[in-house]
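Asker: The following block contains the structure, expressed as structure tokens.
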Amino acid sequence: MRNFKGMGEDCDSDSSVELVEEVAGGSQEDSNAEGDAQTSEASSDDDDSSDSSDEDDGDDKQDNSNAGEQEDDDDDIVRAFKNAQQVRRDKPPDIHTSELVADISFHPEKDLIAAASFDGDIFLYEYSTEKCELKETVEAHTKECRCVEFSEDGDLLYSASKDKSIMVTDVASSKLKWFNDDAHEEPVYTLKVIDENRFATGDDNGTVKLWDLRQKDAILSLKESEETITDMVTNESRRFLVFSSVEGMITTIDLHSRKLHVQSELYECELSSLALVKQDRKLVVGSSKGTYYFFDWGSFGYHSDEFPGPKNPINCMKSITQNIVVTAHADGVLRATHLFPHKQLGIVGTHPSSTVESMDVSGDGELIATCGFSQVIHFWNIKYFDGLVVSERERNDKKVLKHNLPSSNVRNAGDFFQDMA
């Protein structure tokens, strides 16, 4: 039904340094040209007026001295720009795809990332800090592939589509392992792998289904929401599956009994994303108001705490450490937040295509990748979060919301002008 095709290299290298060097080179050439013109002019004046006074010679020396100082000032500015734009190769270059991308997933062990496209194909890219190469194209679905996810061991690739189908592919052999072409009555929006056999899916009409690869049909179908299921999460015990919805509720299934466990109160906003922190003891829920809601794991009826974030809808969220989450917002900005104590850490970066619809963290925890219904996949190096400690005494400062973290590749104004000191 579908084919795997090996493809060639498809990536962009960062060119900021070359651009600044070109600007710097141009500035130096202009300075040299100006110096040559002044020298030529001075020679012409000497030929025409051989009896010029000592006072005029003094004025010429003063002019040359001022010009030299100006050149030094110009060199300082160019140097500062070069330092500000210096690109460190600590992350892969952007991937530019042939189709719009709706979702992405890192392989848990290999330097491989899967991208679900709007035409139904899945692109598999091998990445490094030097280049990204398209290794395979999976011709999977007939309509938009909305979600893609590797299994925990990376052996299987799960995908679901707007055409209501679900596919599971063996990564090593490139063979179809499991397929259901009519899995939901409505387009599938989200998918979550639970263990080596079970996974769950949610659709645009609020229906959640639980699947087992050893069976063809769903082992549970539950409809407790009326709108799109936005995200799903479970923890290592695999006792509960929690999912959020556009209408503003989180719902929990008991995976042991395969029954509804509890449904939360209705919130006056969309609940868009879920993440686990504090050794899976805390569930963080992102909202369209930009607010974070905290639930104690196992107590999903009502939140135990809340934290107001930037007043910008949270589209997706990933836990980076046991106490730090990165959220991607409708304005395309990725923001890092320390949860206990609550503190905004700053801007991780800004996605090139204005909004972020999907985000994933690499298996080693050093990279974030984002896509935004565009043809660009962007990477961010977040290794600097390792070992970060936030003191209870530190207060939240609104200025931190605009502070650029190292991964943003944007220097703060104070850092830039330090180079000119």
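Identifiers in this document derive from the order of the structure tokens: chains are assigned A, B, ..., residues are numbered from 1 separately in each chain, and ligands are numbered from 1 in order of occurrence.
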What's around Met317 of chain A at 9 Å? Count only C-alpha atoms, leave out sequence neighbours fewer than 4 positions away in its own chain, and write the answer as a list in words.

Answerer: Ser272, Ser273, Leu274, Ala275, Val285, Gly286, Val325, Val326, Thr327, Ala328, His329, Ser358, Met359 and Asp360 of chain A

Asker: Quick one: residues within 12 Å of His351 of chain A, only C-alpha atoms, excluding same-chain residues fewer than 5 positions away - as number ranges by chain?

Answerer: A: 94, 328-335, 356-359, 368-380, 407-409

Asker: Using DSSP secondary structure from the backbone, list all strand (DSSP E or B) positions within segment 178-380 of chain A, as a tab-separated table (two decimals) with N, CA and C atoms, in the first residue's frame.

Answerer:
chain	number	residue	atom	x	y	z
A	178	TRP	N	1.03	-3.36	11.67
A	178	TRP	CA	-0.37	-3.30	12.10
A	178	TRP	C	-1.03	-2.15	11.36
A	179	PHE	N	-2.31	-2.36	10.99
A	179	PHE	CA	-3.01	-1.33	10.22
A	179	PHE	C	-4.51	-1.41	10.45
A	180	ASN	N	-5.12	-0.24	10.60
A	180	ASN	CA	-6.58	-0.15	10.68
A	180	ASN	C	-6.98	1.07	9.87
A	188	VAL	N	-8.44	11.42	13.36
A	188	VAL	CA	-7.63	11.23	14.55
A	188	VAL	C	-6.74	12.45	14.75
A	189	TYR	N	-6.65	12.93	16.01
A	189	TYR	CA	-5.86	14.13	16.28
A	189	TYR	C	-4.61	13.86	17.11
A	190	THR	N	-4.68	12.89	18.03
A	190	THR	CA	-3.54	12.64	18.90
A	190	THR	C	-3.36	11.14	19.14
A	191	LEU	N	-2.11	10.77	19.48
A	191	LEU	CA	-1.76	9.36	19.67
A	191	LEU	C	-0.74	9.26	20.80
A	192	LYS	N	-0.86	8.23	21.63
A	192	LYS	CA	0.08	8.02	22.71
A	192	LYS	C	0.42	6.53	22.83
A	193	VAL	N	1.73	6.23	22.75
A	193	VAL	CA	2.20	4.85	22.95
A	193	VAL	C	2.27	4.61	24.46
A	198	ARG	N	0.32	-1.78	23.77
A	198	ARG	CA	-0.85	-0.91	23.84
A	198	ARG	C	-0.53	0.54	23.44
A	199	PHE	N	-1.53	1.17	22.84
A	199	PHE	CA	-1.44	2.60	22.54
A	199	PHE	C	-2.85	3.17	22.52
A	200	ALA	N	-2.97	4.48	22.57
A	200	ALA	CA	-4.27	5.15	22.61
A	200	ALA	C	-4.32	6.24	21.55
A	201	THR	N	-5.54	6.53	21.09
A	201	THR	CA	-5.75	7.59	20.11
A	201	THR	C	-6.98	8.41	20.51
A	202	GLY	N	-6.98	9.69	20.12
A	202	GLY	CA	-8.12	10.56	20.36
A	202	GLY	C	-8.46	11.31	19.10
A	203	ASP	N	-9.74	11.61	18.90
A	203	ASP	CA	-10.15	12.22	17.63
A	203	ASP	C	-10.75	13.62	17.82
A	207	THR	N	-13.68	11.36	21.13
A	207	THR	CA	-13.62	9.92	21.39
A	207	THR	C	-12.17	9.48	21.59
A	208	VAL	N	-11.96	8.68	22.63
A	208	VAL	CA	-10.65	8.09	22.90
A	208	VAL	C	-10.76	6.57	22.78
A	209	LYS	N	-9.78	5.97	22.09
A	209	LYS	CA	-9.77	4.51	21.94
A	209	LYS	C	-8.45	3.94	22.41
A	210	LEU	N	-8.56	2.79	23.03
A	210	LEU	CA	-7.40	2.05	23.50
A	210	LEU	C	-7.21	0.84	22.61
A	211	TRP	N	-5.95	0.62	22.17
A	211	TRP	CA	-5.65	-0.44	21.20
A	211	TRP	C	-4.59	-1.39	21.74
A	212	ASP	N	-4.63	-2.64	21.22
A	212	ASP	CA	-3.62	-3.65	21.51
A	212	ASP	C	-3.17	-4.23	20.18
A	220	LEU	N	-11.02	-0.65	23.97
A	220	LEU	CA	-11.85	0.29	24.72
A	220	LEU	C	-12.15	1.49	23.86
A	221	SER	N	-13.41	1.93	23.87
A	221	SER	CA	-13.82	3.16	23.20
A	221	SER	C	-14.62	3.98	24.20
A	222	LEU	N	-14.19	5.22	24.41
A	222	LEU	CA	-14.79	6.06	25.44
A	222	LEU	C	-15.02	7.45	24.88
A	223	LYS	N	-16.22	7.95	25.06
A	223	LYS	CA	-16.53	9.32	24.62
A	223	LYS	C	-17.08	10.09	25.81
A	229	ILE	N	-9.60	15.97	21.29
A	229	ILE	CA	-8.66	15.50	22.31
A	229	ILE	C	-7.29	16.05	21.94
A	230	THR	N	-6.69	16.85	22.82
A	230	THR	CA	-5.48	17.61	22.46
A	230	THR	C	-4.18	16.92	22.84
A	231	ASP	N	-4.16	16.16	23.95
A	231	ASP	CA	-2.91	15.54	24.38
A	231	ASP	C	-3.23	14.36	25.30
A	232	MET	N	-2.23	13.46	25.47
A	232	MET	CA	-2.37	12.30	26.33
A	232	MET	C	-1.07	12.05	27.07
A	233	VAL	N	-1.17	11.48	28.27
A	233	VAL	CA	0.04	11.16	29.03
A	233	VAL	C	-0.25	9.99	29.98
A	240	PHE	N	-2.83	4.80	34.93
A	240	PHE	CA	-3.80	5.75	34.41
A	240	PHE	C	-3.34	6.32	33.07
A	241	LEU	N	-4.32	6.62	32.23
A	241	LEU	CA	-4.10	7.40	31.01
A	241	LEU	C	-4.91	8.68	31.16
A	242	VAL	N	-4.23	9.83	31.07
A	242	VAL	CA	-4.89	11.13	31.22
A	242	VAL	C	-4.89	11.83	29.88
A	243	PHE	N	-6.03	12.42	29.52
A	243	PHE	CA	-6.07	13.18	28.27
A	243	PHE	C	-6.82	14.50	28.48
A	244	SER	N	-6.42	15.51	27.70
A	244	SER	CA	-6.99	16.85	27.77
A	244	SER	C	-7.84	17.12	26.54
A	245	SER	N	-8.68	18.15	26.63
A	245	SER	CA	-9.57	18.44	25.51
A	245	SER	C	-9.73	19.94	25.31
A	250	ILE	N	-9.80	17.59	31.81
A	250	ILE	CA	-8.94	16.43	31.68
A	250	ILE	C	-9.73	15.21	32.17
A	251	THR	N	-9.55	14.12	31.47
A	251	THR	CA	-10.27	12.88	31.76
A	251	THR	C	-9.26	11.77	31.97
A	252	THR	N	-9.56	10.86	32.90
A	252	THR	CA	-8.62	9.80	33.24
A	252	THR	C	-9.27	8.43	33.07
A	253	ILE	N	-8.55	7.54	32.41
A	253	ILE	CA	-8.97	6.15	32.25
A	253	ILE	C	-8.11	5.27	33.14
A	254	ASP	N	-8.74	4.33	33.83
A	254	ASP	CA	-8.01	3.31	34.57
A	254	ASP	C	-7.64	2.21	33.58
A	259	LYS	N	-11.76	1.31	32.41
A	259	LYS	CA	-12.96	2.08	32.67
A	259	LYS	C	-12.60	3.54	32.97
A	260	LEU	N	-13.61	4.39	32.88
A	260	LEU	CA	-13.42	5.79	33.26
A	260	LEU	C	-13.07	5.86	34.73
A	261	HIS	N	-12.02	6.62	35.05
A	261	HIS	CA	-11.61	6.78	36.44
A	261	HIS	C	-12.21	8.05	37.03
A	262	VAL	N	-11.93	9.20	36.43
A	262	VAL	CA	-12.48	10.46	36.92
A	262	VAL	C	-12.35	11.51	35.82
A	263	GLN	N	-13.21	12.51	35.91
A	263	GLN	CA	-13.14	13.64	34.99
A	263	GLN	C	-13.08	14.92	35.82
A	271	LEU	N	-7.68	23.27	27.33
A	271	LEU	CA	-6.53	22.60	27.93
A	271	LEU	C	-5.79	21.88	26.80
A	272	SER	N	-4.58	22.33	26.55
A	272	SER	CA	-3.90	21.98	25.30
A	272	SER	C	-2.79	20.96	25.41
A	273	SER	N	-2.15	20.86	26.60
A	273	SER	CA	-0.93	20.05	26.67
A	273	SER	C	-0.70	19.53	28.08
A	274	LEU	N	0.01	18.40	28.16
A	274	LEU	CA	0.25	17.72	29.43
A	274	LEU	C	1.72	17.35	29.57
A	275	ALA	N	2.23	17.41	30.82
A	275	ALA	CA	3.62	17.00	31.07
A	275	ALA	C	3.73	16.50	32.50
A	276	LEU	N	4.66	15.58	32.74
A	276	LEU	CA	4.90	15.03	34.07
A	276	LEU	C	6.22	15.56	34.61
A	277	VAL	N	6.24	15.94	35.90
A	277	VAL	CA	7.45	16.41	36.57
A	277	VAL	C	7.48	15.84	37.98
A	282	LYS	N	3.71	14.93	39.81
A	282	LYS	CA	2.93	16.11	39.46
A	282	LYS	C	2.61	16.10	37.96
A	283	LEU	N	1.36	16.42	37.66
A	283	LEU	CA	0.91	16.60	36.28
A	283	LEU	C	0.74	18.09	36.03
A	284	VAL	N	1.39	18.59	34.97
A	284	VAL	CA	1.26	19.99	34.57
A	284	VAL	C	0.37	20.07	33.34
A	285	VAL	N	-0.60	20.96	33.37
A	285	VAL	CA	-1.54	21.13	32.26
A	285	VAL	C	-1.41	22.54	31.71
A	286	GLY	N	-1.12	22.66	30.42
A	286	GLY	CA	-1.03	23.96	29.77
A	286	GLY	C	-2.38	24.37	29.20
A	287	SER	N	-2.62	25.68	29.14
A	287	SER	CA	-3.94	26.17	28.72
A	287	SER	C	-3.84	27.27	27.68
A	291	THR	N	-1.87	29.87	31.35
A	291	THR	CA	-1.76	29.44	32.75
A	291	THR	C	-1.38	27.98	32.84
A	292	TYR	N	-0.54	27.65	33.85
A	292	TYR	CA	-0.19	26.27	34.15
A	292	TYR	C	-1.04	25.80	35.33
A	293	TYR	N	-1.69	24.63	35.17
A	293	TYR	CA	-2.44	24.02	36.27
A	293	TYR	C	-1.69	22.77	36.73
A	294	PHE	N	-1.61	22.58	38.05
A	294	PHE	CA	-0.89	21.44	38.61
A	294	PHE	C	-1.85	20.50	39.32
A	295	PHE	N	-1.71	19.22	38.97
A	295	PHE	CA	-2.51	18.17	39.61
A	295	PHE	C	-1.57	17.18	40.28
A	296	ASP	N	-1.95	16.72	41.46
A	296	ASP	CA	-1.23	15.60	42.07
A	296	ASP	C	-1.60	14.34	41.31
A	305	ASP	N	-2.72	23.50	42.38
A	305	ASP	CA	-1.99	24.76	42.30
A	305	ASP	C	-2.07	25.28	40.88
A	306	GLU	N	-1.82	26.55	40.71
A	306	GLU	CA	-1.76	27.12	39.36
A	306	GLU	C	-0.71	28.22	39.32
A	307	PHE	N	-0.18	28.46	38.12
A	307	PHE	CA	0.90	29.42	37.95
A	307	PHE	C	0.64	30.22	36.69
A	308	PRO	N	0.43	31.53	36.79
A	308	PRO	CA	0.18	32.34	35.60
A	308	PRO	C	1.45	32.52	34.78
A	314	ILE	N	-0.73	28.44	25.20
A	314	ILE	CA	0.28	27.38	25.17
A	314	ILE	C	-0.19	26.31	24.17
A	315	ASN	N	0.57	26.10	23.11
A	315	ASN	CA	0.21	25.10	22.11
A	315	ASN	C	0.70	23.71	22.48
A	316	CYS	N	1.91	23.63	23.02
A	316	CYS	CA	2.46	22.34	23.41
A	316	CYS	C	3.50	22.55	24.50
A	317	MET	N	3.81	21.45	25.21
A	317	MET	CA	4.69	21.55	26.37
A	317	MET	C	5.45	20.24	26.55
A	318	LYS	N	6.73	20.34	26.94
A	318	LYS	CA	7.56	19.17	27.21
A	318	LYS	C	8.34	19.40	28.51
A	319	SER	N	8.45	18.35	29.31
A	319	SER	CA	9.29	18.44	30.50
A	319	SER	C	10.74	18.19	30.09
A	324	ILE	N	11.70	21.49	35.25
A	324	ILE	CA	11.67	22.51	34.21
A	324	ILE	C	10.84	22.02	33.03
A	325	VAL	N	9.96	22.88	32.53
A	325	VAL	CA	9.22	22.59	31.30
A	325	VAL	C	9.52	23.68	30.28
A	326	VAL	N	9.43	23.29	29.01
A	326	VAL	CA	9.49	24.27	27.92
A	326	VAL	C	8.14	24.26	27.24
A	327	THR	N	7.57	25.44	27.07
A	327	THR	CA	6.27	25.58	26.41
A	327	THR	C	6.44	26.32	25.10
A	328	ALA	N	5.67	25.90	24.10
A	328	ALA	CA	5.66	26.55	22.79
A	328	ALA	C	4.33	27.28	22.65
A	329	HIS	N	4.39	28.52	22.27
A	329	HIS	CA	3.20	29.37	22.29
A	329	HIS	C	2.74	29.75	20.88
A	333	VAL	N	7.09	31.60	20.17
A	333	VAL	CA	8.17	31.70	21.16
A	333	VAL	C	8.17	30.47	22.07
A	334	LEU	N	9.36	29.92	22.31
A	334	LEU	CA	9.54	28.82	23.25
A	334	LEU	C	10.05	29.41	24.56
A	335	ARG	N	9.35	29.12	25.66
A	335	ARG	CA	9.71	29.69	26.95
A	335	ARG	C	9.99	28.59	27.96
A	336	ALA	N	10.99	28.80	28.79
A	336	ALA	CA	11.37	27.83	29.82
A	336	ALA	C	10.87	28.32	31.18
A	337	THR	N	10.31	27.37	31.96
A	337	THR	CA	9.77	27.71	33.27
A	337	THR	C	10.26	26.71	34.31
A	338	HIS	N	10.78	27.23	35.41
A	338	HIS	CA	11.11	26.40	36.56
A	338	HIS	C	9.86	26.34	37.44
A	343	LYS	N	9.29	29.99	38.62
A	343	LYS	CA	10.11	31.09	38.09
A	343	LYS	C	10.25	30.96	36.58
A	344	GLN	N	9.95	32.05	35.87
A	344	GLN	CA	10.20	32.09	34.44
A	344	GLN	C	11.71	32.21	34.20
A	345	LEU	N	12.24	31.36	33.32
A	345	LEU	CA	13.69	31.34	33.07
A	345	LEU	C	14.10	32.15	31.85
A	346	GLY	N	13.18	32.31	30.89
A	346	GLY	CA	13.52	33.09	29.71
A	346	GLY	C	13.11	32.42	28.42
A	347	ILE	N	13.60	32.96	27.32
A	347	ILE	CA	13.23	32.51	25.97
A	347	ILE	C	14.24	31.51	25.45
A	348	VAL	N	13.77	30.31	25.14
A	348	VAL	CA	14.61	29.27	24.56
A	348	VAL	C	14.90	29.59	23.10
A	349	GLY	N	13.92	30.16	22.41
A	349	GLY	CA	14.09	30.52	21.01
A	349	GLY	C	12.76	30.92	20.40
A	350	THR	N	12.80	31.32	19.15
A	350	THR	CA	11.59	31.67	18.41
A	350	THR	C	11.57	30.89	17.11
A	358	SER	N	3.95	21.60	17.13
A	358	SER	CA	4.47	20.33	17.66
A	358	SER	C	5.90	20.53	18.13
A	359	MET	N	6.25	19.80	19.19
A	359	MET	CA	7.58	19.91	19.78
A	359	MET	C	7.95	18.56	20.37
A	360	ASP	N	9.23	18.20	20.28
A	360	ASP	CA	9.69	16.95	20.89
A	360	ASP	C	11.10	17.14	21.44
A	361	VAL	N	11.47	16.28	22.39
A	361	VAL	CA	12.79	16.32	23.02
A	361	VAL	C	13.55	15.06	22.61
A	367	LEU	N	18.43	18.12	22.84
A	367	LEU	CA	17.84	18.90	21.75
A	367	LEU	C	16.32	18.98	21.87
A	368	ILE	N	15.78	20.10	21.43
A	368	ILE	CA	14.35	20.24	21.18
A	368	ILE	C	14.19	20.48	19.69
A	369	ALA	N	13.16	19.88	19.10
A	369	ALA	CA	12.81	20.16	17.71
A	369	ALA	C	11.39	20.70	17.68
A	370	THR	N	11.13	21.64	16.78
A	370	THR	CA	9.80	22.23	16.66
A	370	THR	C	9.38	22.31	15.20
A	371	CYS	N	8.06	22.26	15.00
A	371	CYS	CA	7.50	22.52	13.67
A	371	CYS	C	6.20	23.29	13.87
A	374	SER	N	4.44	24.24	8.84
A	374	SER	CA	5.26	24.89	7.83
A	374	SER	C	6.16	23.82	7.22
A	375	GLN	N	7.10	24.25	6.41
A	375	GLN	CA	8.06	23.32	5.80
A	375	GLN	C	9.43	23.42	6.44
A	376	VAL	N	9.45	23.85	7.71
A	376	VAL	CA	10.70	23.99	8.43
A	376	VAL	C	10.62	23.25	9.76
A	377	ILE	N	11.66	22.44	10.04
A	377	ILE	CA	11.85	21.83	11.35
A	377	ILE	C	13.08	22.48	11.96
A	378	HIS	N	12.93	23.05	13.14
A	378	HIS	CA	14.03	23.79	13.76
A	378	HIS	C	14.50	23.08	15.02
A	379	PHE	N	15.80	23.17	15.29
A	379	PHE	CA	16.40	22.51	16.45
A	379	PHE	C	16.93	23.55	17.43
A	380	TRP	N	16.92	23.18	18.73
A	380	TRP	CA	17.45	24.04	19.79
A	380	TRP	C	18.27	23.17	20.73

Asker: Mind pulling up the distance from atom CA of Glu130 of chain A to atom CA of Arg89 of chain A?

Answerer: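 Distance between the two atoms: 7.5 Å.
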